[in-house]
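Q: Please find one structure pasted underneath; my questions will follow.
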Amino acid sequence: MKVGEVAKITCKPEYAYGIPTSHLSIATLIFEVELVACRPRKCASVGSVSDDRARLEDLKKQREIAAAAKEDDKKKREEAKAAAAAKEDDKKKREEAKAAAAAAAARIQVKLDAKKGQGKEKGKGKTK
C-alpha cells in the first residue's frame, strides 16, 4: 500500500472468532483501513517521501471537501424536510379554519331557522 490508499479487509467468523461460542461468532468483520503515514524505507529517496506527503495532503483536502459537501447536502435535505412540514401544518390549519367556519355557519343557520319557526308560530296565533 501507498500513503493515502484505502483497503477493505473482510474476516470470516471462523477466522475472526475461532470456535463459535456465542451469537457474536456469526458476524463477519469488515475493516476499512487507510495508510496515513509510514516510515520511509531505508533506501527511499527524499523525493519519494515528499511525494507521499504531498499525496496525503491532497487526499486530506479532498476528504475535507467531500465531507463539507456531504454536510451541505444534509443541511439542504433537513431544510427541505422542515419546509415540507411547515407547508403541511399550514394546510392543516387552513382545513381546520374552513371546518370551524362551516360549523359556525351551520350554528347561525340553525338559529335563523329557529327564529323563522318562532315567527311563523306567532303569526299563526294571531289569526286564530
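Residues are referred to by chain and number: the chain letter is A, B, ... according to the order shown in the C-alpha cells, the number counts from 1 in that chain, and ligands are numbered separately from 1 in the order shown.
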Quick one: residues within 12 Å of Arg53 of chain A, only C-alpha atoms, excluding same-chain residues fewer than 2 positions away - as a list of chain:residue names?

A: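 Listing them by chain and then by number gives A:Lys2, A:Val3, A:Gly4, A:Leu35, A:Val36, A:Ala37, A:Cys38, A:Arg39, A:Pro40, A:Val46, A:Gly47, A:Ser48, A:Val49, A:Ser50, A:Asp51, A:Arg55, A:Leu56, A:Glu57, A:Asp58, A:Leu59, A:Lys60.
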
Q: Write the residues of the preceding selection, restricted to N, CA and C atoms, as a PDB file, in the first residue's frame.

A:
ATOM      1  N   LYS A   2       0.326   2.299  -0.576  1.00  0.00           N
ATOM      2  CA  LYS A   2       0.993   3.584  -0.545  1.00  0.00           C
ATOM      3  C   LYS A   2       0.236   4.502   0.401  1.00  0.00           C
ATOM      4  N   VAL A   3       0.890   5.551   0.853  1.00  0.00           N
ATOM      5  CA  VAL A   3       0.242   6.520   1.730  1.00  0.00           C
ATOM      6  C   VAL A   3      -0.993   7.073   1.031  1.00  0.00           C
ATOM      7  N   GLY A   4      -2.128   7.057   1.763  1.00  0.00           N
ATOM      8  CA  GLY A   4      -3.376   7.565   1.220  1.00  0.00           C
ATOM      9  C   GLY A   4      -4.271   6.504   0.624  1.00  0.00           C
ATOM     10  N   LEU A  35      -3.834   3.926   4.889  1.00  0.00           N
ATOM     11  CA  LEU A  35      -2.453   4.152   5.295  1.00  0.00           C
ATOM     12  C   LEU A  35      -2.225   5.665   5.281  1.00  0.00           C
ATOM     13  N   VAL A  36      -2.121   6.239   6.479  1.00  0.00           N
ATOM     14  CA  VAL A  36      -1.974   7.690   6.563  1.00  0.00           C
ATOM     15  C   VAL A  36      -0.515   8.131   6.665  1.00  0.00           C
ATOM     16  N   ALA A  37       0.329   7.262   7.148  1.00  0.00           N
ATOM     17  CA  ALA A  37       1.753   7.608   7.235  1.00  0.00           C
ATOM     18  C   ALA A  37       2.558   6.324   7.391  1.00  0.00           C
ATOM     19  N   CYS A  38       3.807   6.411   7.059  1.00  0.00           N
ATOM     20  CA  CYS A  38       4.708   5.289   7.279  1.00  0.00           C
ATOM     21  C   CYS A  38       6.135   5.820   7.309  1.00  0.00           C
ATOM     22  N   ARG A  39       6.955   5.055   7.892  1.00  0.00           N
ATOM     23  CA  ARG A  39       8.365   5.446   7.918  1.00  0.00           C
ATOM     24  C   ARG A  39       8.956   5.195   6.536  1.00  0.00           C
ATOM     25  N   PRO A  40       9.781   6.088   6.101  1.00  0.00           N
ATOM     26  CA  PRO A  40      10.399   5.854   4.785  1.00  0.00           C
ATOM     27  C   PRO A  40      11.320   4.634   4.829  1.00  0.00           C
ATOM     28  N   VAL A  46      14.560  11.094  -0.694  1.00  0.00           N
ATOM     29  CA  VAL A  46      13.833  12.191  -0.063  1.00  0.00           C
ATOM     30  C   VAL A  46      12.665  12.616  -0.952  1.00  0.00           C
ATOM     31  N   GLY A  47      12.826  12.522  -2.249  1.00  0.00           N
ATOM     32  CA  GLY A  47      11.774  12.917  -3.191  1.00  0.00           C
ATOM     33  C   GLY A  47      10.533  12.045  -3.058  1.00  0.00           C
ATOM     34  N   SER A  48      10.736  10.729  -2.893  1.00  0.00           N
ATOM     35  CA  SER A  48       9.573   9.843  -2.794  1.00  0.00           C
ATOM     36  C   SER A  48       8.814  10.068  -1.486  1.00  0.00           C
ATOM     37  N   VAL A  49       9.536  10.400  -0.426  1.00  0.00           N
ATOM     38  CA  VAL A  49       8.896  10.688   0.861  1.00  0.00           C
ATOM     39  C   VAL A  49       8.077  11.965   0.748  1.00  0.00           C
ATOM     40  N   SER A  50       8.646  12.987   0.133  1.00  0.00           N
ATOM     41  CA  SER A  50       7.909  14.243  -0.006  1.00  0.00           C
ATOM     42  C   SER A  50       6.724  14.069  -0.958  1.00  0.00           C
ATOM     43  N   ASP A  51       6.860  13.203  -1.967  1.00  0.00           N
ATOM     44  CA  ASP A  51       5.733  12.904  -2.845  1.00  0.00           C
ATOM     45  C   ASP A  51       4.593  12.249  -2.062  1.00  0.00           C
ATOM     46  N   ARG A  55       0.881  13.735  -1.553  1.00  0.00           N
ATOM     47  CA  ARG A  55      -0.297  12.955  -1.907  1.00  0.00           C
ATOM     48  C   ARG A  55      -1.246  12.842  -0.716  1.00  0.00           C
ATOM     49  N   LEU A  56      -0.686  12.643   0.467  1.00  0.00           N
ATOM     50  CA  LEU A  56      -1.502  12.550   1.675  1.00  0.00           C
ATOM     51  C   LEU A  56      -2.226  13.875   1.938  1.00  0.00           C
ATOM     52  N   GLU A  57      -1.556  14.982   1.781  1.00  0.00           N
ATOM     53  CA  GLU A  57      -2.188  16.291   1.982  1.00  0.00           C
ATOM     54  C   GLU A  57      -3.302  16.509   0.965  1.00  0.00           C
ATOM     55  N   ASP A  58      -3.065  16.111  -0.271  1.00  0.00           N
ATOM     56  CA  ASP A  58      -4.105  16.226  -1.296  1.00  0.00           C
ATOM     57  C   ASP A  58      -5.327  15.380  -0.930  1.00  0.00           C
ATOM     58  N   LEU A  59      -5.068  14.182  -0.459  1.00  0.00           N
ATOM     59  CA  LEU A  59      -6.171  13.303  -0.061  1.00  0.00           C
ATOM     60  C   LEU A  59      -6.952  13.897   1.111  1.00  0.00           C
ATOM     61  N   LYS A  60      -6.245  14.470   2.068  1.00  0.00           N
ATOM     62  CA  LYS A  60      -6.914  15.105   3.208  1.00  0.00           C
ATOM     63  C   LYS A  60      -7.807  16.245   2.736  1.00  0.00           C
TER      64      LYS A  60
END

Q: Could you please write out, as a list in words, every residue of segment 13-125 of chain A that DSSP assigns to strand (DSSP E)?

A: Leu29, Ile30, Phe31, Glu32, Val33 and Glu34 of chain A

Q: Using only C-alpha atoms, which of A:Ala114, A:Thr10, A:Ala97, A:Lys42 sits nearest Ala27 of chain A?

A: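 Residue with the minimum atom-to-atom distance to Ala27 of chain A: A:Thr10.
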
Q: Find the residue from A:Lys74, A:Lys8, A:Lys81, A:Lys116 that sits nearest to Val33 of chain A; use only C-alpha atoms when measuring.

A: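 When distances to Val33 of chain A are compared using only C-alpha atoms, the smallest one comes from A:Lys8.
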
Q: Do a neighbour search on Leu29 of chain A at 9 Å with only C-alpha atoms, toss out local chain neighbours closer than 6 positions, and write the hits as a ChimeraX atom specification.

A: /A:9-13,16

Q: Using N, CA and C atoms, can you write the selected residues to a file as a compact mmCIF listing (two decimals), in the first residue's frame?

A:
# COMPACT_ATOMS: atom_id res chain seq x y z
N ILE A 9 -10.72 -4.91 4.44
CA ILE A 9 -10.32 -6.23 4.92
C ILE A 9 -11.55 -6.92 5.48
N THR A 10 -11.87 -8.10 4.99
CA THR A 10 -13.03 -8.86 5.45
C THR A 10 -12.54 -10.12 6.14
N CYS A 11 -13.02 -10.34 7.37
CA CYS A 11 -12.64 -11.53 8.14
C CYS A 11 -13.87 -12.40 8.35
N LYS A 12 -13.81 -13.63 7.92
CA LYS A 12 -14.91 -14.57 8.14
C LYS A 12 -15.00 -14.88 9.63
N PRO A 13 -16.18 -15.27 10.10
CA PRO A 13 -16.35 -15.54 11.54
C PRO A 13 -15.39 -16.59 12.08
N ALA A 16 -12.10 -14.79 12.47
CA ALA A 16 -12.15 -13.68 13.42
C ALA A 16 -12.35 -14.14 14.86

Q: Just the number, please: distance in Å from atom CA of Phe31 of chain A to atom CA of Ala69 of chain A, one decimal.

A: 24.7 Å
